[in-house]
Amino acid sequence: MTELPGKRLYIKTYGCQMNVHDSERMGDVLRPLGYRLTDRPDTADLVVLNTCHIREKATEKVYSELGRVKEMKAARARDGGLMVVAVAGCVAQAEGAEIMRRQTAVDLVVGPQSYHRLPELIAKVHRARGERLATEFEAEAKFDSLPAAREPSGVTAFLTVQEGCDRFCTFCVVPYTRGAEFSRPAAAIEAEARSLTALGVREVTLLGQNVNAYRDGDGIGLADLVRRLARIPGLARIRYTTSHPADMGDDLIAAHAEVEALMPYLHLPVQSGSDRVLKAMNRAHSVESYRRTVEKVRVARPGIALSSDFIVGFPGETEAEFEATLELVREVEFASAFSFKYSRRPGTPAAGMAGQIDEAVKTERLLRLQALLEVQQREFNAAQIGRMAPVLFERPGRHPGQIIGRSPYLQAVHCAGDPSLIGSIASVCVVGAAHNSLTGRLMLETA
């Protein structure tokens with residue numbers, strides 16, 4: 001394929017960490033064609049909107065953004081230029097034909113399993129012919145087609161190990177937009193991790209829609225994979241997200257106790273504190289089973305920090321059931337959490353359920369839940385004051401002489417220090433805490 005030198009690529013990412021990773025890989029895929037990233041969509045030769053379909057407002061934002069992009073494309077055309085517009089990700093997968101119908105500025109739509117074909121599709125657009133929709137579920141083909149070389153943007157990197165989901169929660173579109181669960185071969189993941197480490201990456205976050213369901217064709221599970229990656233020289237930290245409580249096996253819990261590189265931070269979405277609501281959500285776990293899992297994790301790794309996801313206002317949720325969620329939060333105590341109002345997604349079972357909750361009630365419940373979660377997060381951060389924390393420094397701070405890193409609990413930590421420490425792990429004494437970050441004093445020990 002003839003290289004197109006000097007092409008400018010603008011990618012706007014919506015939604016989850018998986019989409020952030022997918023956007024990075026789109027940049028990798030398009031680099032051989034001469035595309036380089038720009039932060040100005042109006043000057044871009046290729047605009048990619050990498051979309052999320054989880055909440056209704058996210059979809060509305062995509063169509064709103066496409067209206068603005070259409071104007072930019074028209075302006076480029078008046079000046080004799082060409083702008084190619086692509087919609088990628090989960091909205092593309094779910095609404096590909098509708099996107100092409102509603103927005104004529106869109107040149108191609110590519111689902112999350114097909115973005116490795118972007119060079120081919122863009123070439124066809126430039127030749128003014130051929131395929132415009134690419135939304136087949138071909139996860140294995142996608143991973144096999146991605147270029148081996150990556151250019152990490154810092155000392156941490158996302159590493160996809162699993163895609164898709166077989167759980168079919170009634171509120172979620174992922175099984176329809178990402179397809180069935182597929183796990184990459186452990187050997188391929190290890191090779192990519194070694195390559196990233198050779199480029200200076202010190203921490204990887206293993207990604208999957210249901211990451212702890214990971215199991216490759218040789219029967220290697222996530223716990224085995226973590227142990228395997230922990231033996232890579234120079235790879236100091238391992239994280240994973242997002243987990244399902246029903247797939248939190250004893251082997252993975254044991255890995256938290258035995259693998260030093262596995263960080264003491266677990267994101268374990270519970271969604272609700274009501275068994276009836278969990279059953280209506282098809283979550284495959286109960287409140288009691290969640291409690292037992294949390295207890296086992298905390299016995300295995302004392303001091304581990306927990307994070308979670310919550311949905312309020314699910315169809316039929318009563319005030320008493322919402323109060324049960326608040327009670328579970330008080331009991332478990334979370335270091336951080338993500339919480340949302342239930343949003344109807346067309347095509348999901350919950351969208352047609354009786355008992356849809358009034359928007360004002362959902363808003364009021366969400367505010368009460370978030371107030372409690374924010375108190376817990378502030379208390380967790382404040383409890384770090386006076387303690388020593390190993391901090392992986394990632395980048396310079398906003399102020400001269402300041403550097404910023406992450407604690408094992410994923411908290412942002414900023415302190416005075418030389419930029420030469422970026423990429424190293426140093427002991428920091430925590431001297432202050434805010435809602436979203438810590439302030440520390442460097443103690444000069446590095447690794």
# chains A, B, ... in the order shown; residues from 1 in each chain; ligands from 1
$ residues_around --residues "Ile220 (chain A)" --least-positions-apart "2" --cutoff "12 Å" --atoms "only C-alpha atoms" --output "PyMOL selection string"
chain A and resi 161+183-187+189+212-218+222-228+251-252
$ select_by_dssp --residues "region 1-188 of chain A" --states "strand (DSSP E)" --output "PyMOL selection string"
chain A and resi 7-13+35-37+46-51+84-89+108-110+133-134+156-160+162-163+182-183
$ write_last_selection --atoms "C-alpha atoms" --output "PDB file, in the first residue's frame"
ATOM      1  CA  LYS A   7      -1.490  12.853   7.097  1.00  0.00           C
ATOM      2  CA  ARG A   8      -3.084  14.187  10.288  1.00  0.00           C
ATOM      3  CA  LEU A   9      -5.228  11.949  12.484  1.00  0.00           C
ATOM      4  CA  TYR A  10      -7.687  13.161  15.127  1.00  0.00           C
ATOM      5  CA  ILE A  11      -9.256  10.587  17.450  1.00  0.00           C
ATOM      6  CA  LYS A  12     -11.932  11.469  19.989  1.00  0.00           C
ATOM      7  CA  THR A  13     -12.519   8.756  22.580  1.00  0.00           C
ATOM      8  CA  TYR A  35      -0.914   9.351   9.871  1.00  0.00           C
ATOM      9  CA  ARG A  36       0.249  11.326  12.901  1.00  0.00           C
ATOM     10  CA  LEU A  37      -1.971  12.458  15.762  1.00  0.00           C
ATOM     11  CA  LEU A  46      -8.915  11.609   9.153  1.00  0.00           C
ATOM     12  CA  VAL A  47     -11.332  12.112  12.052  1.00  0.00           C
ATOM     13  CA  VAL A  48     -12.227   9.039  14.116  1.00  0.00           C
ATOM     14  CA  LEU A  49     -14.912   9.116  16.786  1.00  0.00           C
ATOM     15  CA  ASN A  50     -14.331   6.055  18.986  1.00  0.00           C
ATOM     16  CA  THR A  51     -17.703   5.659  20.605  1.00  0.00           C
ATOM     17  CA  VAL A  84     -12.340  11.281   5.914  1.00  0.00           C
ATOM     18  CA  VAL A  85     -14.740  10.704   8.821  1.00  0.00           C
ATOM     19  CA  ALA A  86     -14.947   7.360  10.597  1.00  0.00           C
ATOM     20  CA  VAL A  87     -17.147   6.230  13.477  1.00  0.00           C
ATOM     21  CA  ALA A  88     -15.655   3.382  15.492  1.00  0.00           C
ATOM     22  CA  GLY A  89     -16.460   1.516  18.693  1.00  0.00           C
ATOM     23  CA  LEU A 108     -16.963   4.548   7.067  1.00  0.00           C
ATOM     24  CA  VAL A 109     -18.152   2.738  10.172  1.00  0.00           C
ATOM     25  CA  VAL A 110     -15.924   0.222  11.899  1.00  0.00           C
ATOM     26  CA  LEU A 133     -19.333  -1.034   7.009  1.00  0.00           C
ATOM     27  CA  ALA A 134     -17.044  -3.360   8.975  1.00  0.00           C
ATOM     28  CA  THR A 156       2.159   2.747  32.119  1.00  0.00           C
ATOM     29  CA  ALA A 157       0.198   0.964  29.413  1.00  0.00           C
ATOM     30  CA  PHE A 158      -3.088  -0.824  28.818  1.00  0.00           C
ATOM     31  CA  LEU A 159      -2.849  -4.379  27.521  1.00  0.00           C
ATOM     32  CA  THR A 160      -5.957  -6.087  26.161  1.00  0.00           C
ATOM     33  CA  GLN A 162      -9.870 -10.466  26.704  1.00  0.00           C
ATOM     34  CA  GLU A 163     -12.789  -9.011  24.784  1.00  0.00           C
ATOM     35  CA  PHE A 182     -12.529 -14.206  23.435  1.00  0.00           C
ATOM     36  CA  SER A 183      -9.181 -14.539  25.237  1.00  0.00           C
TER      37      SER A 183
END
$ closest_residue --among "A:Gln370, A:Ser114, A:Thr242, A:Thr293" --to "Phe310 (chain A)" --atoms "only C-alpha atoms"
A:Gln370
$ select_by_dssp --residues "region 90-264 of chain A" --states "alpha helix (DSSP H)" --output "PDB file with C-alpha atoms, in the first residue's frame"
ATOM      1  CA  CYS A  90     -19.683   0.299  20.209  1.00  0.00           C
ATOM      2  CA  VAL A  91     -22.118   2.808  18.716  1.00  0.00           C
ATOM      3  CA  ALA A  92     -20.677   1.862  15.332  1.00  0.00           C
ATOM      4  CA  GLN A  93     -21.276  -1.806  16.092  1.00  0.00           C
ATOM      5  CA  ALA A  94     -24.831  -1.294  17.308  1.00  0.00           C
ATOM      6  CA  GLU A  95     -26.048   1.430  14.946  1.00  0.00           C
ATOM      7  CA  GLY A  96     -23.801   1.255  11.883  1.00  0.00           C
ATOM      8  CA  ALA A  97     -26.514   1.446   9.239  1.00  0.00           C
ATOM      9  CA  GLU A  98     -28.395   4.137  11.175  1.00  0.00           C
ATOM     10  CA  ILE A  99     -25.252   6.264  11.438  1.00  0.00           C
ATOM     11  CA  MET A 100     -24.693   6.098   7.691  1.00  0.00           C
ATOM     12  CA  ARG A 101     -28.342   7.008   7.106  1.00  0.00           C
ATOM     13  CA  ARG A 102     -28.498   9.904   9.564  1.00  0.00           C
ATOM     14  CA  LEU A 118      -8.866   0.719   8.938  1.00  0.00           C
ATOM     15  CA  PRO A 119      -5.959   0.991   6.446  1.00  0.00           C
ATOM     16  CA  GLU A 120      -7.840  -1.131   3.918  1.00  0.00           C
ATOM     17  CA  LEU A 121     -11.122   0.753   4.421  1.00  0.00           C
ATOM     18  CA  ILE A 122      -9.480   4.164   4.216  1.00  0.00           C
ATOM     19  CA  ALA A 123      -7.690   3.159   1.016  1.00  0.00           C
ATOM     20  CA  LYS A 124     -11.059   2.187  -0.433  1.00  0.00           C
ATOM     21  CA  VAL A 125     -12.541   5.546   0.563  1.00  0.00           C
ATOM     22  CA  HIS A 126      -9.665   7.302  -1.190  1.00  0.00           C
ATOM     23  CA  ALA A 139     -11.797 -10.864  17.564  1.00  0.00           C
ATOM     24  CA  GLU A 140      -9.120 -13.447  16.810  1.00  0.00           C
ATOM     25  CA  ALA A 141      -8.540 -12.037  13.337  1.00  0.00           C
ATOM     26  CA  LYS A 142      -8.270  -8.534  14.792  1.00  0.00           C
ATOM     27  CA  PHE A 143      -5.588  -9.465  17.312  1.00  0.00           C
ATOM     28  CA  ASP A 144      -3.650 -11.433  14.690  1.00  0.00           C
ATOM     29  CA  SER A 145      -3.684  -8.454  12.319  1.00  0.00           C
ATOM     30  CA  VAL A 174     -21.547  -5.133  25.499  1.00  0.00           C
ATOM     31  CA  PRO A 175     -22.499  -8.730  24.521  1.00  0.00           C
ATOM     32  CA  TYR A 176     -24.160  -7.303  21.411  1.00  0.00           C
ATOM     33  CA  THR A 177     -21.516  -4.735  20.460  1.00  0.00           C
ATOM     34  CA  ALA A 186      -1.006 -16.042  26.887  1.00  0.00           C
ATOM     35  CA  ALA A 187       2.171 -16.247  24.813  1.00  0.00           C
ATOM     36  CA  ALA A 188       1.066 -13.313  22.642  1.00  0.00           C
ATOM     37  CA  ILE A 189       0.194 -11.244  25.712  1.00  0.00           C
ATOM     38  CA  GLU A 190       3.529 -12.020  27.333  1.00  0.00           C
ATOM     39  CA  ALA A 191       5.382 -11.071  24.145  1.00  0.00           C
ATOM     40  CA  GLU A 192       3.553  -7.742  24.005  1.00  0.00           C
ATOM     41  CA  ALA A 193       4.243  -7.102  27.697  1.00  0.00           C
ATOM     42  CA  ARG A 194       7.946  -7.820  27.184  1.00  0.00           C
ATOM     43  CA  SER A 195       7.996  -5.440  24.223  1.00  0.00           C
ATOM     44  CA  LEU A 196       6.305  -2.706  26.258  1.00  0.00           C
ATOM     45  CA  THR A 197       8.724  -3.234  29.150  1.00  0.00           C
ATOM     46  CA  ALA A 198      11.676  -2.923  26.773  1.00  0.00           C
ATOM     47  CA  LEU A 222      -6.000 -14.790  34.589  1.00  0.00           C
ATOM     48  CA  ALA A 223      -4.219 -15.862  37.788  1.00  0.00           C
ATOM     49  CA  ASP A 224      -1.724 -17.912  35.767  1.00  0.00           C
ATOM     50  CA  LEU A 225      -1.269 -15.043  33.327  1.00  0.00           C
ATOM     51  CA  VAL A 226      -0.566 -12.596  36.151  1.00  0.00           C
ATOM     52  CA  ARG A 227       2.075 -14.915  37.601  1.00  0.00           C
ATOM     53  CA  ARG A 228       3.645 -15.295  34.169  1.00  0.00           C
ATOM     54  CA  LEU A 229       3.813 -11.552  33.538  1.00  0.00           C
ATOM     55  CA  ALA A 230       5.175 -10.900  37.034  1.00  0.00           C
ATOM     56  CA  ASP A 250      -9.929 -18.676  44.492  1.00  0.00           C
ATOM     57  CA  ASP A 251      -6.838 -18.911  42.254  1.00  0.00           C
ATOM     58  CA  LEU A 252      -7.063 -15.203  41.419  1.00  0.00           C
ATOM     59  CA  ILE A 253      -7.656 -14.304  45.054  1.00  0.00           C
ATOM     60  CA  ALA A 254      -4.558 -16.348  45.950  1.00  0.00           C
ATOM     61  CA  ALA A 255      -2.570 -14.401  43.345  1.00  0.00           C
ATOM     62  CA  HIS A 256      -3.386 -11.206  45.230  1.00  0.00           C
ATOM     63  CA  ALA A 257      -1.762 -12.763  48.294  1.00  0.00           C
ATOM     64  CA  GLU A 258       1.269 -14.222  46.542  1.00  0.00           C
TER      65      GLU A 258
END
$ residues_around --residues "Leu369 (chain A)" --least-positions-apart "6" --cutoff "12 Å" --atoms "only C-alpha atoms" --output "JSON, numbers by chain"
{"A": [271, 272, 273, 309, 310, 311, 312, 313, 322, 323, 324, 325, 326, 327, 328, 329, 330, 337, 338, 339, 340, 341, 362, 363, 375, 376]}
$ residues_around --residues "Leu421 (chain A)" --least-positions-apart "3" --cutoff "9 Å" --atoms "only C-alpha atoms" --output "PyMOL selection string"
chain A and resi 392-394+403+417-418+424-426+446
$ atom_distance --atom1 "CA of Met388 (chain A)" --atom2 "CA of Leu268 (chain A)"
25.8 Å
$ closest_residue --among "A:Leu262, A:Gln402, A:Pro152, A:Leu372" --to "Arg25 (chain A)" --atoms "only C-alpha atoms"
A:Pro152
$ atom_distance --atom1 "CA of His244 (chain A)" --atom2 "CA of Leu367 (chain A)"
25.0 Å
$ residues_around --residues "Asp166 (chain A)" --least-positions-apart "5" --cutoff "9 Å" --atoms "only C-alpha atoms" --output "ChimeraX atom specification"
/A:175,179-181,210
$ atom_distance --atom1 "CA of Val430 (chain A)" --atom2 "CA of Arg301 (chain A)"
21.5 Å
$ residues_around --residues "Gly355 (chain A)" --least-positions-apart "3" --cutoff "8 Å" --atoms "only C-alpha atoms" --output "number ranges by chain"
A: 315-317
